[in-house]
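One file, structure-v1.txt, carrying compact mmCIF, C-alpha atoms and all ligand atoms:
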# COMPACT_ATOMS: atom_id res chain seq x y z
CA MET T 264 6.18 -17.06 -2.27
CA GLN T 265 3.39 -14.50 -2.34
CA ALA T 266 3.75 -11.57 0.08
CA TYR T 267 1.66 -11.85 3.25
CA GLN T 268 -0.21 -14.88 1.96
CA GLY T 269 -3.47 -15.39 3.85
CA PHE T 270 -3.61 -11.80 5.22
CA SER T 271 -6.75 -9.76 4.52
CA ARG T 272 -6.39 -6.09 3.57
CA ASP T 273 -7.62 -5.04 7.01
CA GLU T 274 -5.05 -7.25 8.67
CA LEU T 275 -2.34 -5.68 6.52
CA TYR T 276 -3.43 -2.18 7.60
CA GLU T 277 -3.44 -3.32 11.20
CA ARG T 278 0.07 -4.73 10.85
CA ARG T 279 1.21 -1.52 9.19
CA ASN T 280 -0.13 0.61 12.05
CA GLU T 281 1.49 -1.61 14.65
CA LEU T 282 4.87 -1.30 12.83
CA ALA T 283 4.48 2.47 12.40
CA ARG T 284 4.12 2.79 16.19
CA LYS T 285 7.23 0.65 16.72
CA TYR T 286 9.11 2.76 14.17
CA GLU T 287 8.16 6.01 15.93
CA ASP T 288 9.38 4.52 19.22
CA TYR T 289 12.77 3.77 17.64
CA LYS T 290 12.91 7.28 16.21
CA LYS T 291 12.43 8.75 19.67
CA GLN T 292 15.49 6.84 20.95
CA GLY T 293 17.84 9.14 18.98
CA LEU T 294 19.87 6.19 17.69
CA LYS T 295 23.19 6.80 15.90
CA LEU T 296 24.30 3.48 14.41
CA ASP T 297 26.51 3.00 11.37
CA MET T 298 26.26 -0.30 9.55
CA SER T 299 27.54 0.95 6.25
CA ARG T 300 31.08 -0.39 5.78
CA GLY T 301 32.73 -3.74 6.32
CA LYS T 302 35.38 -2.90 8.86
CA PRO T 303 36.98 -5.14 11.46
CA CYS T 304 35.99 -4.29 15.04
CA PRO T 305 38.54 -3.18 17.66
CA GLU T 306 38.66 -6.69 19.22
CA GLN T 307 39.67 -8.10 15.82
CA LEU T 308 42.34 -5.44 15.41
CA ASP T 309 43.67 -6.23 18.89
CA LEU T 310 44.45 -9.78 17.70
CA SER T 311 47.33 -8.33 15.67
CA ASN T 312 48.90 -5.99 18.21
CA GLY T 313 51.73 -8.53 18.42
CA LEU T 314 52.90 -7.29 14.99
CA PHE T 315 54.99 -4.70 16.79
CA SER T 316 56.18 -6.72 19.78
CA ASN T 317 58.74 -8.87 18.00
CA ILE T 318 60.46 -6.51 15.59
CA GLY T 319 64.08 -7.62 16.08
CA SER T 320 66.50 -7.28 13.20
CA LEU T 321 65.41 -5.25 10.19
CA PHE T 322 67.32 -7.56 7.85
CA THR T 323 65.61 -10.37 5.96
CA GLU T 324 66.73 -13.99 6.26
CA ASP T 325 68.75 -13.57 3.06
CA GLY T 326 70.43 -10.42 4.32
CA VAL T 327 68.36 -7.63 2.68
CA ASP T 328 68.40 -4.42 4.73
CA CYS T 329 64.70 -3.47 4.92
CA ARG T 330 65.61 0.06 5.98
CA ASN T 331 66.94 0.75 2.50
CA TYR T 332 65.64 0.86 -1.10
CA GLY T 333 65.37 -2.29 -3.18
CA MET T 334 63.33 -5.48 -3.76
CA MET T 335 60.77 -3.74 -5.93
CA ASP T 336 58.40 -6.73 -5.96
CA GLY T 337 58.71 -7.60 -2.26
CA ILE T 338 61.01 -9.47 0.11
CA ASN T 339 61.48 -13.18 -0.44
CA GLU T 340 60.09 -14.42 2.86
CA CYS T 341 56.88 -12.43 2.32
CA LYS T 342 56.56 -13.89 -1.18
CA ALA T 343 57.05 -17.36 0.28
CA LEU T 344 54.28 -16.77 2.83
CA PHE T 345 51.79 -15.46 0.26
CA ALA T 346 52.72 -18.20 -2.20
CA GLU T 347 51.87 -20.78 0.47
CA LEU T 348 48.64 -19.02 1.51
CA PHE T 349 47.29 -18.49 -2.00
CA ASN T 350 48.72 -21.54 -3.72
CA VAL T 351 50.88 -19.79 -6.32
CA SER T 352 54.60 -19.86 -6.97
CA THR T 353 56.89 -17.04 -5.84
CA ASP T 354 57.69 -15.92 -9.40
CA GLU T 355 53.96 -15.46 -10.06
CA LEU T 356 53.65 -12.84 -7.32
CA ILE T 357 54.18 -9.17 -6.65
CA ILE T 358 53.94 -7.98 -3.07
CA GLY T 359 52.53 -4.46 -3.06
CA GLY T 360 51.78 -1.81 -0.49
CA ASN T 361 48.90 -1.65 1.95
CA SER T 362 45.95 -2.07 -0.40
CA SER T 363 44.78 -4.68 -2.90
CA LEU T 364 42.22 -2.20 -4.24
CA ASN T 365 45.11 0.07 -5.12
CA LEU T 366 46.77 -2.80 -7.05
CA MET T 367 43.51 -3.41 -8.93
CA TYR T 368 43.15 0.26 -9.80
CA ASP T 369 46.76 0.38 -10.99
CA LEU T 370 46.28 -2.69 -13.18
CA ILE T 371 43.25 -1.17 -14.90
CA ALA T 372 45.13 2.12 -15.32
CA ARG T 373 48.06 0.25 -16.89
CA ALA T 374 45.71 -1.65 -19.20
CA PHE T 375 44.44 1.72 -20.42
CA ASN T 376 47.69 3.65 -20.55
CA HIS T 377 50.25 1.08 -21.64
CA GLY T 378 48.55 -2.24 -22.25
CA LEU T 379 49.21 -5.48 -20.39
CA ASN T 380 51.06 -8.61 -21.51
CA GLY T 381 49.41 -9.99 -24.64
CA PHE T 382 47.53 -6.79 -25.54
CA GLU T 383 47.67 -5.53 -29.10
CA LYS T 384 46.92 -1.99 -27.99
CA PRO T 385 46.33 -0.16 -24.71
CA TRP T 386 42.59 0.08 -24.05
CA SER T 387 42.75 3.88 -24.28
CA LYS T 388 43.37 3.49 -28.03
CA LEU T 389 40.11 1.59 -28.51
CA ASP T 390 36.69 3.18 -28.99
CA LYS T 391 34.82 1.03 -26.54
CA ILE T 392 35.66 -1.19 -23.58
CA LYS T 393 33.08 -3.26 -21.73
CA PHE T 394 33.39 -5.17 -18.47
CA LEU T 395 31.20 -7.87 -16.97
CA CYS T 396 30.10 -7.08 -13.45
CA PRO T 397 28.52 -9.90 -11.47
CA ALA T 398 26.05 -8.15 -9.18
CA PRO T 399 25.29 -7.65 -6.40
CA GLY T 400 29.02 -7.02 -6.12
CA TYR T 401 31.67 -4.74 -4.64
CA ASP T 402 30.87 -1.05 -5.19
CA ARG T 403 34.52 0.01 -5.30
CA HIS T 404 35.24 -2.34 -8.21
CA PHE T 405 32.44 -0.77 -10.19
CA ALA T 406 33.66 2.71 -9.26
CA ILE T 407 37.07 1.97 -10.86
CA THR T 408 35.67 0.84 -14.20
CA GLU T 409 33.13 3.66 -14.18
CA LEU T 410 35.94 6.19 -13.67
CA PHE T 411 37.78 4.85 -16.73
CA GLY T 412 34.64 5.12 -18.87
CA VAL T 413 34.20 1.36 -19.18
CA GLU T 414 30.67 0.25 -20.06
CA MET T 415 29.58 -2.13 -17.31
CA ILE T 416 27.27 -5.06 -18.00
CA THR T 417 25.43 -6.45 -14.99
CA VAL T 418 25.57 -10.24 -14.71
CA PRO T 419 23.16 -11.80 -12.19
CA MET T 420 24.63 -13.86 -9.36
CA LYS T 421 23.25 -17.38 -8.94
CA GLU T 422 23.66 -19.85 -6.07
CA ASP T 423 27.02 -21.06 -7.39
CA GLY T 424 28.46 -17.84 -8.81
CA PRO T 425 27.73 -15.56 -11.75
CA ASP T 426 25.39 -16.66 -14.55
CA MET T 427 27.88 -18.58 -16.71
CA ASP T 428 25.53 -19.17 -19.64
CA MET T 429 25.17 -15.42 -19.99
CA ILE T 430 28.92 -14.79 -19.56
CA GLU T 431 29.95 -17.43 -22.10
CA SER T 432 27.48 -16.18 -24.65
CA LEU T 433 28.50 -12.51 -24.22
CA VAL T 434 32.28 -13.01 -24.29
CA SER T 435 32.16 -15.34 -27.28
CA GLU T 436 30.50 -12.70 -29.45
CA ASP T 437 31.69 -9.29 -28.34
CA GLU T 438 35.31 -8.28 -28.78
CA THR T 439 34.83 -5.10 -26.77
CA ILE T 440 34.20 -7.11 -23.59
CA LYS T 441 37.69 -7.00 -22.19
CA GLY T 442 37.28 -8.29 -18.69
CA MET T 443 35.23 -9.03 -15.63
CA TRP T 444 35.25 -8.33 -11.92
CA SER T 445 34.87 -11.14 -9.42
CA VAL T 446 35.00 -11.80 -5.69
CA PRO T 447 35.06 -15.59 -6.04
CA MET T 448 35.08 -16.63 -2.38
CA TYR T 449 32.56 -15.45 0.21
CA SER T 450 31.64 -12.83 -2.33
CA ASN T 451 30.97 -9.25 -1.30
CA PRO T 452 28.05 -9.05 -0.52
CA THR T 453 26.31 -12.38 -1.29
CA GLY T 454 28.75 -14.65 0.56
CA ILE T 455 28.68 -17.05 -2.39
CA THR T 456 31.76 -19.09 -3.31
CA TYR T 457 32.07 -19.88 -7.00
CA SER T 458 31.56 -23.60 -7.65
CA ASP T 459 34.28 -25.73 -9.28
CA ASP T 460 32.19 -25.82 -12.45
CA VAL T 461 31.94 -22.01 -12.61
CA VAL T 462 35.70 -21.58 -12.07
CA ARG T 463 36.48 -24.19 -14.73
CA ARG T 464 34.13 -22.55 -17.23
CA LEU T 465 35.72 -19.14 -16.59
CA ALA T 466 39.16 -20.61 -17.23
CA TYR T 467 38.15 -22.53 -20.36
CA MET T 468 35.57 -20.24 -22.02
CA LYS T 469 36.29 -18.91 -25.50
CA THR T 470 36.51 -15.14 -25.59
CA LYS T 471 36.34 -13.04 -28.75
CA ALA T 472 38.75 -10.55 -27.15
CA PRO T 473 42.21 -12.15 -27.02
CA ASP T 474 43.14 -9.80 -24.16
CA PHE T 475 40.15 -10.62 -21.94
CA ILE T 476 41.15 -10.54 -18.24
CA ILE T 477 39.53 -11.73 -15.04
CA MET T 478 40.04 -9.55 -11.97
CA TRP T 479 40.01 -12.29 -9.31
CA ASP T 480 39.65 -10.42 -6.02
CA ASN T 481 40.34 -13.09 -3.46
CA ALA T 482 39.80 -10.71 -0.54
CA TYR T 483 37.98 -13.20 1.69
CA CYS T 484 39.54 -16.58 0.97
CA LEU T 485 41.06 -16.81 4.46
CA HIS T 486 37.92 -15.57 6.21
CA HIS T 487 35.99 -18.67 7.20
CA LEU T 488 33.32 -18.41 9.89
CA TYR T 489 33.18 -22.15 10.57
CA ASP T 490 35.67 -25.04 10.69
CA GLU T 491 33.79 -26.67 7.87
CA HIS T 492 34.31 -24.14 5.15
CA ASP T 493 33.94 -23.46 1.43
CA LYS T 494 36.73 -24.34 -0.98
CA LEU T 495 37.64 -22.45 -4.12
CA ALA T 496 39.08 -24.11 -7.22
CA ASP T 497 42.53 -22.95 -8.32
CA ILE T 498 41.82 -20.70 -11.29
CA ILE T 499 45.47 -19.94 -12.09
CA SER T 500 46.21 -23.66 -12.66
CA LEU T 501 42.95 -24.14 -14.55
CA CYS T 502 43.73 -21.21 -16.87
CA ARG T 503 47.17 -22.69 -17.52
CA GLU T 504 45.65 -26.11 -18.21
CA ALA T 505 43.07 -24.53 -20.55
CA GLY T 506 45.73 -22.78 -22.61
CA ASN T 507 44.69 -19.36 -21.27
CA PRO T 508 47.56 -18.79 -18.82
CA ASP T 509 47.43 -15.00 -18.99
CA ARG T 510 43.70 -14.60 -18.38
CA VAL T 511 43.55 -14.13 -14.63
CA TYR T 512 45.00 -11.64 -12.13
CA MET T 513 44.46 -12.55 -8.49
CA PHE T 514 44.48 -10.00 -5.66
CA GLY T 515 44.36 -10.11 -1.90
CA SER T 516 45.67 -8.50 1.23
CA THR T 517 45.96 -8.84 4.97
CA SER T 518 43.65 -5.86 5.54
CA LYS T 519 41.23 -8.07 7.43
CA VAL T 520 43.84 -10.47 8.75
CA THR T 521 45.94 -7.86 10.59
CA PHE T 522 45.18 -4.13 10.23
CA ALA T 523 42.71 -2.69 7.72
CA GLY T 524 44.55 -0.23 5.50
CA ALA T 525 47.89 -1.09 7.12
CA GLY T 526 48.42 -4.65 5.95
CA VAL T 527 50.26 -6.10 2.97
CA ALA T 528 48.66 -6.63 -0.45
CA PHE T 529 49.65 -8.87 -3.37
CA MET T 530 48.89 -9.57 -6.99
CA ALA T 531 49.43 -12.99 -8.61
CA SER T 532 49.22 -14.05 -12.25
CA SER T 533 51.19 -15.98 -14.89
CA LYS T 534 54.93 -15.40 -14.81
CA ALA T 535 54.72 -13.63 -18.20
CA ASN T 536 52.03 -11.25 -16.91
CA ILE T 537 53.93 -10.58 -13.70
CA ASP T 538 57.20 -9.95 -15.55
CA HIS T 539 55.44 -7.45 -17.82
CA VAL T 540 53.80 -5.62 -14.92
CA LYS T 541 57.08 -5.53 -13.00
CA LYS T 542 58.71 -3.56 -15.82
CA LEU T 543 55.94 -0.97 -15.61
CA ILE T 544 55.97 -0.87 -11.81
CA SER T 545 59.71 -0.24 -11.82
CA ILE T 546 58.99 3.18 -13.36
CA GLN T 547 56.35 3.91 -10.73
CA THR T 548 58.18 2.98 -7.52
CA ILE T 549 61.48 1.76 -6.10
CA GLY T 550 59.49 -0.60 -3.94
CA ALA T 551 56.74 -0.97 -1.34
CA ASP T 552 57.15 -0.89 2.44
CA LYS T 553 59.53 -3.78 3.23
CA ILE T 554 59.45 -3.14 6.97
CA ASN T 555 55.71 -3.81 7.03
CA MET T 556 56.30 -6.99 5.01
CA LEU T 557 58.92 -8.12 7.49
CA LEU T 558 56.65 -7.42 10.48
CA HIS T 559 53.86 -9.37 8.82
CA VAL T 560 55.99 -12.40 8.04
CA ARG T 561 57.40 -12.55 11.55
CA PHE T 562 53.92 -12.22 13.06
CA LEU T 563 51.94 -14.44 10.69
CA LYS T 564 54.74 -17.02 10.21
CA ASP T 565 53.10 -19.67 8.00
CA ALA T 566 49.76 -20.92 6.67
CA LYS T 567 49.08 -23.05 9.75
CA ASN T 568 49.58 -20.10 12.07
CA VAL T 569 47.46 -17.85 9.83
CA ALA T 570 44.64 -20.41 9.99
CA GLU T 571 44.81 -20.33 13.81
CA HIS T 572 44.80 -16.53 13.75
CA MET T 573 41.77 -16.48 11.43
CA LYS T 574 39.90 -18.81 13.81
CA LYS T 575 40.24 -16.11 16.47
CA HIS T 576 38.68 -13.61 14.04
CA ALA T 577 35.87 -16.08 13.39
CA GLU T 578 35.19 -16.48 17.12
CA ILE T 579 34.66 -12.71 17.37
CA VAL T 580 32.54 -12.18 14.25
CA ARG T 581 30.58 -15.45 14.02
CA PRO T 582 28.17 -14.49 16.86
CA LYS T 583 27.52 -11.21 15.03
CA PHE T 584 26.59 -12.96 11.79
CA GLU T 585 24.43 -15.42 13.71
CA ALA T 586 22.69 -12.60 15.60
CA VAL T 587 21.79 -10.86 12.32
CA ILE T 588 20.43 -14.04 10.79
CA GLU T 589 18.45 -14.93 13.92
CA ILE T 590 16.80 -11.47 13.93
CA LEU T 591 16.04 -11.56 10.20
CA GLU T 592 14.53 -15.02 10.57
CA ARG T 593 12.47 -14.12 13.61
CA ASN T 594 11.03 -10.96 12.04
CA LEU T 595 10.82 -11.61 8.34
CA SER T 596 10.66 -15.31 7.55
CA GLY T 597 7.47 -16.70 6.06
CA LYS T 598 6.21 -13.28 4.95
CA GLY T 599 7.32 -13.51 1.32
CA ILE T 600 8.88 -10.06 1.42
CA ALA T 601 12.59 -10.74 1.97
CA ALA T 602 15.39 -13.27 1.52
CA TRP T 603 18.90 -13.21 2.91
CA SER T 604 22.21 -15.01 2.60
CA LYS T 605 23.66 -17.24 5.32
CA PRO T 606 27.34 -17.03 4.47
CA LYS T 607 29.99 -19.39 5.77
CA GLY T 608 32.61 -16.66 5.60
CA GLY T 609 33.53 -13.18 4.44
CA TYR T 610 32.26 -9.86 5.72
CA PHE T 611 28.68 -9.41 4.59
CA ILE T 612 25.10 -10.60 4.64
CA SER T 613 23.09 -9.78 1.56
CA LEU T 614 19.43 -8.94 2.10
CA ASP T 615 16.91 -8.84 -0.75
CA VAL T 616 13.80 -6.95 0.26
CA TYR T 617 10.45 -6.70 -1.53
CA GLU T 618 11.01 -5.45 -5.09
CA GLY T 619 11.07 -1.68 -5.39
CA CYS T 620 11.62 -1.20 -1.65
CA ALA T 621 15.39 -1.16 -0.97
CA LYS T 622 15.84 2.61 -1.30
CA LYS T 623 12.79 3.31 0.83
CA THR T 624 13.92 0.80 3.48
CA VAL T 625 17.40 2.33 3.75
CA GLN T 626 15.88 5.82 3.89
CA LEU T 627 13.48 4.84 6.68
CA ALA T 628 16.37 3.29 8.63
CA LYS T 629 18.44 6.44 8.17
CA GLU T 630 15.62 8.61 9.48
CA ALA T 631 15.54 6.36 12.54
CA GLY T 632 19.30 6.86 13.04
CA VAL T 633 20.63 3.63 11.47
CA VAL T 634 22.87 4.04 8.43
CA PHE T 635 23.25 1.22 5.89
CA THR T 636 25.23 1.12 2.63
CA PRO T 637 23.12 3.11 0.13
CA ALA T 638 20.66 0.89 -1.74
CA GLY T 639 21.90 0.25 -5.27
CA ALA T 640 25.58 0.57 -4.30
CA THR T 641 26.11 -3.13 -4.96
CA PHE T 642 25.24 -2.70 -8.67
CA PRO T 643 27.08 -0.99 -11.55
CA TYR T 644 26.24 2.74 -11.72
CA GLY T 645 24.52 2.37 -8.33
CA LYS T 646 21.41 1.07 -10.10
CA ASP T 647 19.78 -2.05 -8.75
CA PRO T 648 17.27 -2.99 -11.48
CA LYS T 649 14.94 -4.48 -8.88
CA ASP T 650 15.66 -1.91 -6.14
CA SER T 651 15.85 -4.86 -3.80
CA ASN T 652 19.38 -5.47 -2.46
CA ILE T 653 20.75 -4.18 0.84
CA ARG T 654 24.24 -5.02 2.10
CA ILE T 655 24.61 -5.70 5.82
CA ALA T 656 28.09 -5.40 7.33
CA PRO T 657 27.91 -7.08 10.76
CA THR T 658 31.57 -7.08 11.86
CA TYR T 659 32.18 -3.61 13.34
CA PRO T 660 29.38 -2.77 15.82
CA PRO T 661 29.23 -4.36 19.27
CA ILE T 662 26.51 -7.04 19.45
CA PRO T 663 23.90 -4.97 21.39
CA GLU T 664 24.15 -2.14 18.81
CA LEU T 665 24.09 -4.59 15.95
CA ARG T 666 20.95 -6.24 17.32
CA THR T 667 19.16 -2.90 17.64
CA ALA T 668 20.22 -1.88 14.11
CA ILE T 669 18.86 -5.10 12.60
CA GLU T 670 15.62 -4.92 14.62
CA VAL T 671 15.12 -1.38 13.22
CA LEU T 672 15.99 -2.62 9.74
CA CYS T 673 13.37 -5.37 9.95
CA VAL T 674 10.67 -2.85 10.90
CA CYS T 675 11.72 -0.69 7.94
CA VAL T 676 11.74 -3.67 5.54
CA GLU T 677 8.16 -4.52 6.51
CA LEU T 678 6.93 -0.92 6.53
CA ALA T 679 8.32 -0.26 3.05
CA ALA T 680 6.87 -3.51 1.73
CA LEU T 681 3.44 -2.90 3.28
CA ASP T 682 3.35 0.66 1.91
CA ARG T 683 4.01 -0.69 -1.54
CA ILE T 684 1.55 -3.54 -1.25
CA LEU T 685 -1.16 -1.27 0.11
CA GLY T 686 -0.36 1.27 -2.60
CA GLN T 687 0.28 4.19 -0.27
C1 LIG T 701 36.00 -7.53 -2.16
C2 LIG T 701 36.94 -6.55 -1.57
N1 LIG T 701 38.12 -6.33 -2.16
C3 LIG T 701 39.01 -5.44 -1.67
C4 LIG T 701 38.74 -4.72 -0.53
C5 LIG T 701 39.74 -3.73 -0.05
O1 LIG T 701 40.92 -4.38 0.26
P1 LIG T 701 42.25 -3.60 0.59
O2 LIG T 701 42.16 -3.08 1.97
O3 LIG T 701 43.32 -4.65 0.44
O4 LIG T 701 42.42 -2.51 -0.43
C6 LIG T 701 37.51 -4.92 0.13
C7 LIG T 701 37.18 -4.13 1.32
O5 LIG T 701 36.10 -4.12 1.82
C8 LIG T 701 36.60 -5.85 -0.41
O6 LIG T 701 35.40 -6.08 0.16
Output the structure of this file as structure tokens.
Amino acid sequence: MQAYQGFSRDELYERRNELARKYEDYKKQGLKLDMSRGKPCPEQLDLSNGLFSNIGSLFTEDGVDCRNYGMMDGINECKALFAELFNVSTDELIIGGNSSLNLMYDLIARAFNHGLNGFEKPWSKLDKIKFLCPAPGYDRHFAITELFGVEMITVPMKEDGPDMDMIESLVSEDETIKGMWSVPMYSNPTGITYSDDVVRRLAYMKTKAPDFIIMWDNAYCLHHLYDEHDKLADIISLCREAGNPDRVYMFGSTSKVTFAGAGVAFMASSKANIDHVKKLISIQTIGADKINMLLHVRFLKDAKNVAEHMKKHAEIVRPKFEAVIEILERNLSGKGIAAWSKPKGGYFISLDVYEGCAKKTVQLAKEAGVVFTPAGATFPYGKDPKDSNIRIAPTYPPIPELRTAIEVLCVCVELAALDRILGQ
């Protein structure tokens, strides 16, 4: 759709002046609002205060003393819970510490330093390593591969996941492409869930690199906003069925189920991959925090109880997502200068503003006291080729603050677009 279709140049100037006045009014309010990171709000955190109210015995059901060393890959009842939640078997799992991002970083570091199961050589012994990065995506993924000197290739996101034609063609020809990042369910930030066809193609595709891996960051698979929710195909089974059992490593945590940064994280993969990683982990640690695992199992109990718990999260955050979308629609729809996601779960709304205007929009908002994630952060090397994407994280602020922040954002989106269109 063409921007401001039907508007004369004079009308555009008039609109610009009206918005500039509104913007100055916001500036005078001395706002201090931070919309930059996807954090749970205090009311969400309060849902898990019961973690500490039922501690009881510090022994597991099978008699392991959680006060002592041991059980390097996690206690059995925690494995059973995660196996049920993420549809894997207990010997395909490692329960880690508090952070799935940490497990991802460690896996990449191991791939470089020692090699993973099925590798001919550690990646550090090779001249070049490339990774596919569906984008917009999660900035901290890209930061890991950038730190290790991996060349990142941006893959556009479509309605049903990353551009599979592009991925299949690249991986079939280039042996230096060793892996890809993915947030397959309620993706950060687009909210997209990969379709069954995309997941199947990822599992079955022919890769020139025999040690190609998929980093399957399932951070948001429990985070539905509505009863009727997206479903994600089971990539571990599909990889097995396709004869590529060692291709995928899945990650997740309870950071946004219980306490952010104080939950329990896991990694799942084929048994052969997990056995290989366990040997390496056994040099690194005697084990993660078993007491936290025990508290989590006793509090979360089973998949049915977790689903009930997640509904309470949804009741708190759904009105925030709906408020953002209502404000975006009221201010920006029909103008041809912006498009936004309407996710059914996860933590983010992805806003695409008029091309070439994301940086300016975020800067204008900052000068009016509203901080958003820096424009470009959702792309490898922080470079959005269209300078268009802005990530909105609605969960943390109280609704009145959130509403003000998005109203300010809408003014900035239009101002930046009008400045560009009018060539100022
Ligand atoms: C896609 C994704 N993965 C991982 C994380 C971090 O998870 P953890 O707290 O388990 O390290 C986040 C946090 O925002 C995220 O958005």
>> Report, in Å with one decimal, the straight-line distance from CA of His539 (chain T) to CA of Lys519 (chain T).
In response: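 Value for the CA of His539 (chain T)-CA of Lys519 (chain T) distance: 29.0 Å.
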> What would the list of residues within 6 Å of (55.0, -8.5, -3.0) (file frame) look like as a PyMOL selection string, if only C-alpha atoms are what count?
Replying inline: chain T and resi 336-337+342+357-359+529
Could you turn the residues from that selection into a file that holds C-alpha atoms, as a compact mmCIF listing (two decimals), keeping the file's coordinate frame?
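Listing of out_18.txt after writing:
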# COMPACT_ATOMS: atom_id res chain seq x y z
CA ASP T 336 58.40 -6.73 -5.96
CA GLY T 337 58.71 -7.60 -2.26
CA LYS T 342 56.56 -13.89 -1.18
CA ILE T 357 54.18 -9.17 -6.65
CA ILE T 358 53.94 -7.98 -3.07
CA GLY T 359 52.53 -4.46 -3.06
CA PHE T 529 49.65 -8.87 -3.37
>> I'd like to know which of T:Leu395, T:Gly597, T:Gly526, T:Val671 is closest to Phe562 (chain T), using all atoms listed in the file.
In response: T:Gly526
Leaving out Asp565 (chain T) and any residue of its chain fewer than 2 positions from it, which residues lie within 12 Å of it when counting all atoms listed in the file, given as a PDB file with C-alpha atoms, in the frame of the given file?
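Output contents, as saved in selection18.pdb:
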ATOM      1  CA  GLU T 340      60.090 -14.420   2.860  1.00  0.00           C
ATOM      2  CA  CYS T 341      56.880 -12.430   2.320  1.00  0.00           C
ATOM      3  CA  LYS T 342      56.560 -13.890  -1.180  1.00  0.00           C
ATOM      4  CA  ALA T 343      57.050 -17.360   0.280  1.00  0.00           C
ATOM      5  CA  LEU T 344      54.280 -16.770   2.830  1.00  0.00           C
ATOM      6  CA  PHE T 345      51.790 -15.460   0.260  1.00  0.00           C
ATOM      7  CA  ALA T 346      52.720 -18.200  -2.200  1.00  0.00           C
ATOM      8  CA  GLU T 347      51.870 -20.780   0.470  1.00  0.00           C
ATOM      9  CA  LEU T 348      48.640 -19.020   1.510  1.00  0.00           C
ATOM     10  CA  PHE T 349      47.290 -18.490  -2.000  1.00  0.00           C
ATOM     11  CA  HIS T 559      53.860  -9.370   8.820  1.00  0.00           C
ATOM     12  CA  VAL T 560      55.990 -12.400   8.040  1.00  0.00           C
ATOM     13  CA  ARG T 561      57.400 -12.550  11.550  1.00  0.00           C
ATOM     14  CA  PHE T 562      53.920 -12.220  13.060  1.00  0.00           C
ATOM     15  CA  LEU T 563      51.940 -14.440  10.690  1.00  0.00           C
ATOM     16  CA  LYS T 567      49.080 -23.050   9.750  1.00  0.00           C
ATOM     17  CA  ASN T 568      49.580 -20.100  12.070  1.00  0.00           C
ATOM     18  CA  VAL T 569      47.460 -17.850   9.830  1.00  0.00           C
ATOM     19  CA  ALA T 570      44.640 -20.410   9.990  1.00  0.00           C
ATOM     20  CA  GLU T 571      44.810 -20.330  13.810  1.00  0.00           C
ATOM     21  CA  HIS T 572      44.800 -16.530  13.750  1.00  0.00           C
TER      22      HIS T 572
END
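The nearest approach to ligand LIG 701 (chain T) among the residues T:Glu409, T:Glu383, T:Asp493, T:Asp369, with all atoms listed in the file taken into account, belongs to T:Asp369.
Between Met298 (chain T) and the candidates T:Leu591, T:Val674, T:Val413, T:Val633, the tightest atom-to-atom separation, counting only C-alpha atoms, involves T:Val633.
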Listed atoms of ligand LIG 701 (chain T), axis-aligned box, 6 Å per side: centre and edge lengths to one decimal in Å, as lines of an AutoDock Vina configuration file?
center_x = 39.4
center_y = -5.0
center_z = -0.1
size_x = 19.9
size_y = 17.0
size_z = 16.1
At most 10 Å from ligand LIG 701 (chain T) (all atoms listed in the file): residue list as a compact mmCIF listing (two decimals) with C-alpha atoms, in the coordinates of the input:
# COMPACT_ATOMS: atom_id res chain seq x y z
CA ARG T 300 31.08 -0.39 5.78
CA GLY T 301 32.73 -3.74 6.32
CA LYS T 302 35.38 -2.90 8.86
CA PRO T 303 36.98 -5.14 11.46
CA GLY T 359 52.53 -4.46 -3.06
CA GLY T 360 51.78 -1.81 -0.49
CA ASN T 361 48.90 -1.65 1.95
CA SER T 362 45.95 -2.07 -0.40
CA SER T 363 44.78 -4.68 -2.90
CA LEU T 364 42.22 -2.20 -4.24
CA ASN T 365 45.11 0.07 -5.12
CA LEU T 366 46.77 -2.80 -7.05
CA MET T 367 43.51 -3.41 -8.93
CA TYR T 368 43.15 0.26 -9.80
CA GLY T 400 29.02 -7.02 -6.12
CA TYR T 401 31.67 -4.74 -4.64
CA ASP T 402 30.87 -1.05 -5.19
CA ARG T 403 34.52 0.01 -5.30
CA HIS T 404 35.24 -2.34 -8.21
CA TRP T 444 35.25 -8.33 -11.92
CA SER T 445 34.87 -11.14 -9.42
CA VAL T 446 35.00 -11.80 -5.69
CA PRO T 447 35.06 -15.59 -6.04
CA MET T 448 35.08 -16.63 -2.38
CA TYR T 449 32.56 -15.45 0.21
CA SER T 450 31.64 -12.83 -2.33
CA ASN T 451 30.97 -9.25 -1.30
CA PRO T 452 28.05 -9.05 -0.52
CA TRP T 479 40.01 -12.29 -9.31
CA ASP T 480 39.65 -10.42 -6.02
CA ASN T 481 40.34 -13.09 -3.46
CA ALA T 482 39.80 -10.71 -0.54
CA TYR T 483 37.98 -13.20 1.69
CA PHE T 514 44.48 -10.00 -5.66
CA GLY T 515 44.36 -10.11 -1.90
CA SER T 516 45.67 -8.50 1.23
CA THR T 517 45.96 -8.84 4.97
CA SER T 518 43.65 -5.86 5.54
CA LYS T 519 41.23 -8.07 7.43
CA PHE T 522 45.18 -4.13 10.23
CA ALA T 523 42.71 -2.69 7.72
CA GLY T 524 44.55 -0.23 5.50
CA ALA T 525 47.89 -1.09 7.12
CA GLY T 526 48.42 -4.65 5.95
CA VAL T 527 50.26 -6.10 2.97
CA ALA T 528 48.66 -6.63 -0.45
CA PHE T 529 49.65 -8.87 -3.37
CA GLY T 609 33.53 -13.18 4.44
CA TYR T 610 32.26 -9.86 5.72
CA PHE T 611 28.68 -9.41 4.59
CA ALA T 656 28.09 -5.40 7.33
